[in-house]
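K.L.:
Coordinates in data-v4.tsv, TSV, C-alpha atoms, are listed below.
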chain	number	residue	atom	x	y	z
A	169	GLY	CA	0.00	0.00	0.00
A	170	GLN	CA	0.90	3.66	0.03
A	171	PRO	CA	3.05	4.91	2.88
A	172	ASN	CA	1.02	6.36	5.69
A	173	THR	CA	2.53	9.72	6.53
A	174	CYS	CA	0.73	9.99	9.86
A	175	PHE	CA	2.47	6.87	11.17
A	176	ARG	CA	5.82	7.85	9.75
A	177	LYS	CA	5.58	11.16	11.65
A	178	LEU	CA	4.28	9.53	14.81
A	179	LEU	CA	6.95	6.86	14.92
A	180	ASN	CA	9.66	9.08	13.43
A	181	ASN	CA	10.30	6.61	10.60
A	182	GLU	CA	11.45	7.19	7.07
A	183	ALA	CA	10.51	3.67	6.01
A	184	PRO	CA	7.96	1.05	7.07
A	185	ASP	CA	8.35	0.25	10.75
A	186	PRO	CA	10.44	-2.90	11.22
A	187	ARG	CA	8.39	-3.85	14.32
A	188	MET	CA	5.12	-3.14	12.49
A	189	ARG	CA	3.99	-0.61	15.11
A	190	ASP	CA	2.36	1.33	12.26
A	191	ALA	CA	0.30	-1.73	11.27
A	192	GLU	CA	-0.67	-2.28	14.91
A	193	LEU	CA	-1.86	1.32	15.32
A	194	LEU	CA	-3.90	1.11	12.13
A	195	LEU	CA	-5.43	-2.18	13.26
A	196	ARG	CA	-6.27	-0.65	16.66
A	197	PHE	CA	-7.97	2.25	14.89
A	198	TYR	CA	-10.03	-0.06	12.66
A	199	ALA	CA	-10.97	-2.19	15.68
A	200	LEU	CA	-12.19	0.85	17.63
A	201	LYS	CA	-14.10	2.30	14.68
A	202	ASN	CA	-15.76	-0.90	13.54
A	203	ARG	CA	-15.70	-3.67	16.10
A	204	LEU	CA	-15.98	-2.06	19.51
A	205	ASP	CA	-19.28	-2.58	21.26
A	206	ARG	CA	-20.67	-3.53	24.64
A	207	ALA	CA	-19.61	-7.13	23.98
A	208	TYR	CA	-15.93	-6.08	24.18
A	209	ASN	CA	-14.48	-8.23	26.95
A	210	GLY	CA	-11.52	-5.99	27.72
A	211	ASN	CA	-8.96	-8.17	25.96
A	212	LEU	CA	-7.41	-6.01	23.25
A	213	LYS	CA	-5.61	-8.96	21.65
A	214	ASP	CA	-8.95	-10.74	21.14
A	215	LEU	CA	-10.46	-7.56	19.67
A	216	LEU	CA	-7.52	-7.09	17.27
A	217	ASP	CA	-7.48	-10.76	16.24
A	218	GLY	CA	-11.23	-10.66	15.64
A	219	THR	CA	-10.90	-7.46	13.61
A	220	CYS	CA	-8.24	-9.04	11.38
A	221	GLU	CA	-10.36	-12.11	10.87
A	222	TYR	CA	-13.49	-10.07	10.12
A	223	PHE	CA	-11.87	-7.81	7.53
A	224	ASN	CA	-9.89	-10.64	5.94
A	225	GLN	CA	-13.20	-12.43	5.30
A	226	SER	CA	-15.09	-9.33	4.17
A	227	TRP	CA	-12.37	-7.33	2.38
A	228	GLN	CA	-14.27	-6.95	-0.93
A	229	GLN	CA	-17.28	-5.21	0.57
A	230	ASN	CA	-15.35	-3.30	3.25
A	231	GLU	CA	-12.39	-1.98	1.27
A	232	PRO	CA	-14.08	1.36	0.38
A	233	LEU	CA	-15.11	1.90	4.03
A	234	LEU	CA	-11.60	1.14	5.29
A	235	ARG	CA	-10.02	3.46	2.73
A	236	ASP	CA	-12.40	6.26	3.80
A	237	GLN	CA	-11.62	5.59	7.45
A	238	LEU	CA	-7.89	5.69	6.72
A	239	ALA	CA	-8.32	9.13	5.13
A	240	GLU	CA	-10.32	10.28	8.18
A	241	MET	CA	-7.61	8.92	10.47
A	242	ASN	CA	-5.02	11.01	8.67
A	243	ASN	CA	-7.35	14.02	8.93
A	244	ALA	CA	-7.72	13.30	12.65
A	245	TYR	CA	-3.94	13.20	13.08
A	246	ASP	CA	-3.49	16.54	11.28
A	247	PHE	CA	-6.34	18.12	13.26
A	248	ALA	CA	-4.88	16.92	16.59
A	249	VAL	CA	-1.38	18.15	15.82
A	250	ASP	CA	-2.72	21.51	14.61
A	251	SER	CA	-5.10	21.91	17.58
A	252	PHE	CA	-2.60	21.00	20.28
A	253	GLY	CA	0.18	23.35	19.16
A	254	GLU	CA	3.25	22.81	21.31
A	255	ILE	CA	1.65	19.93	23.22
A	256	ASN	CA	2.11	16.44	21.81
A	257	PRO	CA	-1.46	15.05	21.67
A	258	PHE	CA	-0.24	11.45	21.70
A	259	CYS	CA	1.87	11.56	24.87
A	260	LYS	CA	1.17	11.96	28.56
A	261	TYR	CA	1.10	15.68	29.29
A	262	ASP	CA	4.39	16.79	30.80
A	263	PRO	CA	4.59	20.51	31.69
A	264	VAL	CA	8.38	20.39	31.36
A	265	GLY	CA	8.16	18.68	27.98
A	266	THR	CA	10.95	16.22	28.68
A	267	LYS	CA	8.97	12.96	28.65
A	268	ASN	CA	7.41	12.91	25.21
A	269	ILE	CA	6.88	9.16	25.04
A	270	PHE	CA	4.23	8.00	22.59
A	271	ASN	CA	1.23	6.49	24.37
A	272	ARG	CA	-1.05	4.13	22.42
A	273	ALA	CA	-3.96	4.59	24.83
A	274	ILE	CA	-3.97	8.35	24.25
A	275	PHE	CA	-3.54	7.86	20.50
A	276	ASP	CA	-6.60	5.59	20.52
A	277	PHE	CA	-9.04	8.06	22.01
A	278	ILE	CA	-7.70	11.18	20.31
A	279	ILE	CA	-7.77	9.59	16.84
A	280	TYR	CA	-11.06	7.78	17.48
A	281	TYR	CA	-13.01	10.96	18.20
A	282	PHE	CA	-11.14	13.29	15.85
A	283	SER	CA	-11.69	10.87	12.96
A	284	ASP	CA	-15.33	12.00	13.05
A	285	PRO	CA	-15.63	14.86	10.50
A	286	LYS	CA	-18.60	16.34	12.39
A	287	ILE	CA	-16.60	16.61	15.62
A	288	ARG	CA	-13.66	18.21	13.79
A	289	HIS	CA	-15.96	20.67	12.02
A	290	ASP	CA	-17.98	21.56	15.11
A	291	LEU	CA	-14.81	22.15	17.12
A	292	SER	CA	-13.17	24.22	14.39
A	293	VAL	CA	-16.02	26.76	14.37
A	294	LYS	CA	-15.83	27.28	18.16
A	295	VAL	CA	-14.01	30.37	19.33
A	296	ASP	CA	-10.75	29.44	21.07
A	297	TYR	CA	-11.29	25.70	20.50
A	298	LYS	CA	-7.53	25.07	20.40
A	299	ALA	CA	-6.99	26.63	23.83
A	300	LEU	CA	-10.04	24.80	25.19
A	301	LEU	CA	-8.76	21.45	23.88
A	302	GLN	CA	-5.24	22.07	25.20
A	303	ASP	CA	-6.45	23.15	28.66
A	304	SER	CA	-8.89	20.24	28.89
A	305	PHE	CA	-6.19	17.77	27.83
A	306	LYS	CA	-3.78	19.14	30.46
A	307	ASN	CA	-6.49	19.02	33.14
A	308	LEU	CA	-7.13	15.33	32.52
A	309	PHE	CA	-3.66	14.65	33.91
A	310	ASN	CA	-4.70	16.11	37.29
A	311	ASP	CA	-7.15	13.20	37.61
A	312	ALA	CA	-5.37	10.21	39.15
A	313	ASP	CA	-8.00	7.78	37.82
A	314	PHE	CA	-7.50	9.07	34.28
A	315	VAL	CA	-3.71	8.83	34.57
A	316	THR	CA	-4.11	5.24	35.77
A	317	SER	CA	-6.41	4.53	32.82
A	318	ILE	CA	-3.69	5.40	30.29
A	319	SER	CA	-0.89	3.74	32.24
A	320	THR	CA	-2.24	0.27	32.94
A	321	SER	CA	-2.76	-2.90	30.98
A	322	THR	CA	-4.53	-2.76	27.65
A	323	LYS	CA	-6.59	-5.74	28.84
A	324	ASN	CA	-8.73	-3.79	31.30
A	325	LYS	CA	-12.17	-2.82	30.03
A	326	ILE	CA	-12.84	-0.45	32.97
A	327	GLU	CA	-9.69	1.59	32.30
A	328	PHE	CA	-10.31	1.56	28.56
A	329	SER	CA	-13.85	2.80	29.10
A	330	ARG	CA	-12.65	5.43	31.60
A	331	ARG	CA	-10.26	7.07	29.14
A	332	MET	CA	-12.72	6.94	26.23
A	333	ASN	CA	-15.44	8.44	28.44
A	334	ALA	CA	-13.08	11.12	29.79
A	335	TRP	CA	-12.31	12.46	26.31
A	336	ALA	CA	-15.97	12.18	25.26
A	337	ALA	CA	-16.84	14.32	28.30
A	338	VAL	CA	-14.20	16.90	27.34
A	339	LEU	CA	-15.55	17.12	23.81
A	340	SER	CA	-19.16	17.25	25.04
A	341	ALA	CA	-18.33	20.17	27.35
A	342	ILE	CA	-16.62	22.13	24.55
A	343	LEU	CA	-19.22	21.32	21.89
A	344	GLY	CA	-22.32	21.73	24.07
A	345	TYR	CA	-23.85	18.39	23.02
A	346	ALA	CA	-23.31	14.80	24.06
A	347	VAL	CA	-20.45	13.03	22.32
A	348	GLU	CA	-21.11	9.33	22.74
A	349	SER	CA	-18.41	6.98	23.94
A	350	PRO	CA	-18.33	3.57	22.26
A	351	LEU	CA	-18.34	1.83	25.65
Here is the file; what I need is its structure written in the form of structure tokens.
P.N.:
Amino acid sequence: GQPNTCFRKLLNNEAPDPRMRDAELLLRFYALKNRLDRAYNGNLKDLLDGTCEYFNQSWQQNEPLLRDQLAEMNNAYDFAVDSFGEINPFCKYDPVGTKNIFNRAIFDFIIYYFSDPKIRHDLSVKVDYKALLQDSFKNLFNDADFVTSISTSTKNKIEFSRRMNAWAAVLSAILGYAVESPL
């Protein structure tokens, strides 16, 4: 396929990632967008395996959808980077800026919600939306439960739900309408 610039930038790679972290991130995105529901048992490996199996069996009919979602994911990445300014939207917030370590859990919820064109549009027409997003993102890191939710195992449904709900609540507060969490 074509090189995905968003992953190259994220992972600081000039070529395909030798450890396939780019493929894993894309698979995580597709799993969240298409396969996440109340039946999710909290085991990310099962969700990812099931997503691979599902799309391998239904590639013909789903290829256009997946290509559209890939484009929206790239739009989400660009929107996040533009909106967050000096803050890295895919790392734990660090006021000193010394610990910019990529965090998959943060990537998941930022890209999941920002891949929705309506959310991007509705934010972009709000006065001071960038400052509101940045301040809200920083404030999440004052919540010990939220920090735990992005720091623990990927196999915990409660923590996964907590971080997805936390960002949905941030977006809901800024937008003035309910942004639904998938869980």
K.L.:
Atom CA of A:Ala334 and atom CA of A:Lys286, how far apart in Å?
P.N.:
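Those two atoms sit 19.0 Å apart.
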K.L.:
Output as CSV one row per residue of stretch 273-334 of chain A within 9 Å of stretch 242-262 of chain A: the closest atom pair and its distance in Å to one decimal place, counting only C-alpha atoms, sorted by chain and residue number ascending.
P.N.:
residue,atom,partner,partner_atom,distance
A:Ala273,CA,A:Phe258,CA,8.4
A:Ile274,CA,A:Phe258,CA,5.5
A:Phe275,CA,A:Phe258,CA,5.0
A:Asp276,CA,A:Phe258,CA,8.7
A:Ile278,CA,A:Ala248,CA,7.4
A:Ile279,CA,A:Ala244,CA,5.6
A:Tyr280,CA,A:Ala244,CA,8.1
A:Tyr281,CA,A:Ala244,CA,8.0
A:Phe282,CA,A:Ala244,CA,4.7
A:Ser283,CA,A:Ala244,CA,4.7
A:Asp284,CA,A:Ala244,CA,7.7
A:Pro285,CA,A:Ala244,CA,8.3
A:Arg288,CA,A:Phe247,CA,7.3
A:Ser292,CA,A:Ser251,CA,9.0
A:Tyr297,CA,A:Ser251,CA,7.8
A:Lys298,CA,A:Ser251,CA,4.9
A:Ala299,CA,A:Phe252,CA,8.0
A:Leu301,CA,A:Phe252,CA,7.1
A:Gln302,CA,A:Phe252,CA,5.7
A:Phe305,CA,A:Tyr261,CA,7.7
A:Lys306,CA,A:Tyr261,CA,6.1
A:Leu308,CA,A:Tyr261,CA,8.8
A:Phe309,CA,A:Tyr261,CA,6.7
A:Val315,CA,A:Lys260,CA,8.4
A:Ile318,CA,A:Lys260,CA,8.3
K.L.:
For the atom pair atom CA of A:Met241 and atom CA of A:His289, what is the interatomic distance in Å to one decimal place?
P.N.:
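According to the coordinates, atom CA of A:Met241 and atom CA of A:His289 are separated by 14.5 Å.
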K.L.:
Quick one: residues within 8 Å of A:Arg196, all atoms listed in the file, excluding same-chain residues fewer than 3 positions away - as a PyMOL selection string?
P.N.:
chain A and resi 192-193+199-200+216+276
K.L.:
Counting all atoms listed in the file, figure out which residue out of A:Tyr198, A:Pro263, A:Ser317, A:Ser349 gets nearest to A:Glu231.
P.N.:
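The shortest atom-to-atom distance to A:Glu231 comes from A:Tyr198.
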K.L.:
Could you check which of A:Asn268, A:Asn230, A:Pro350, A:Phe277 is closest to A:Trp335, using all atoms listed in the file?
P.N.:
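Answer, going by the shortest atom-to-atom distance: A:Phe277.
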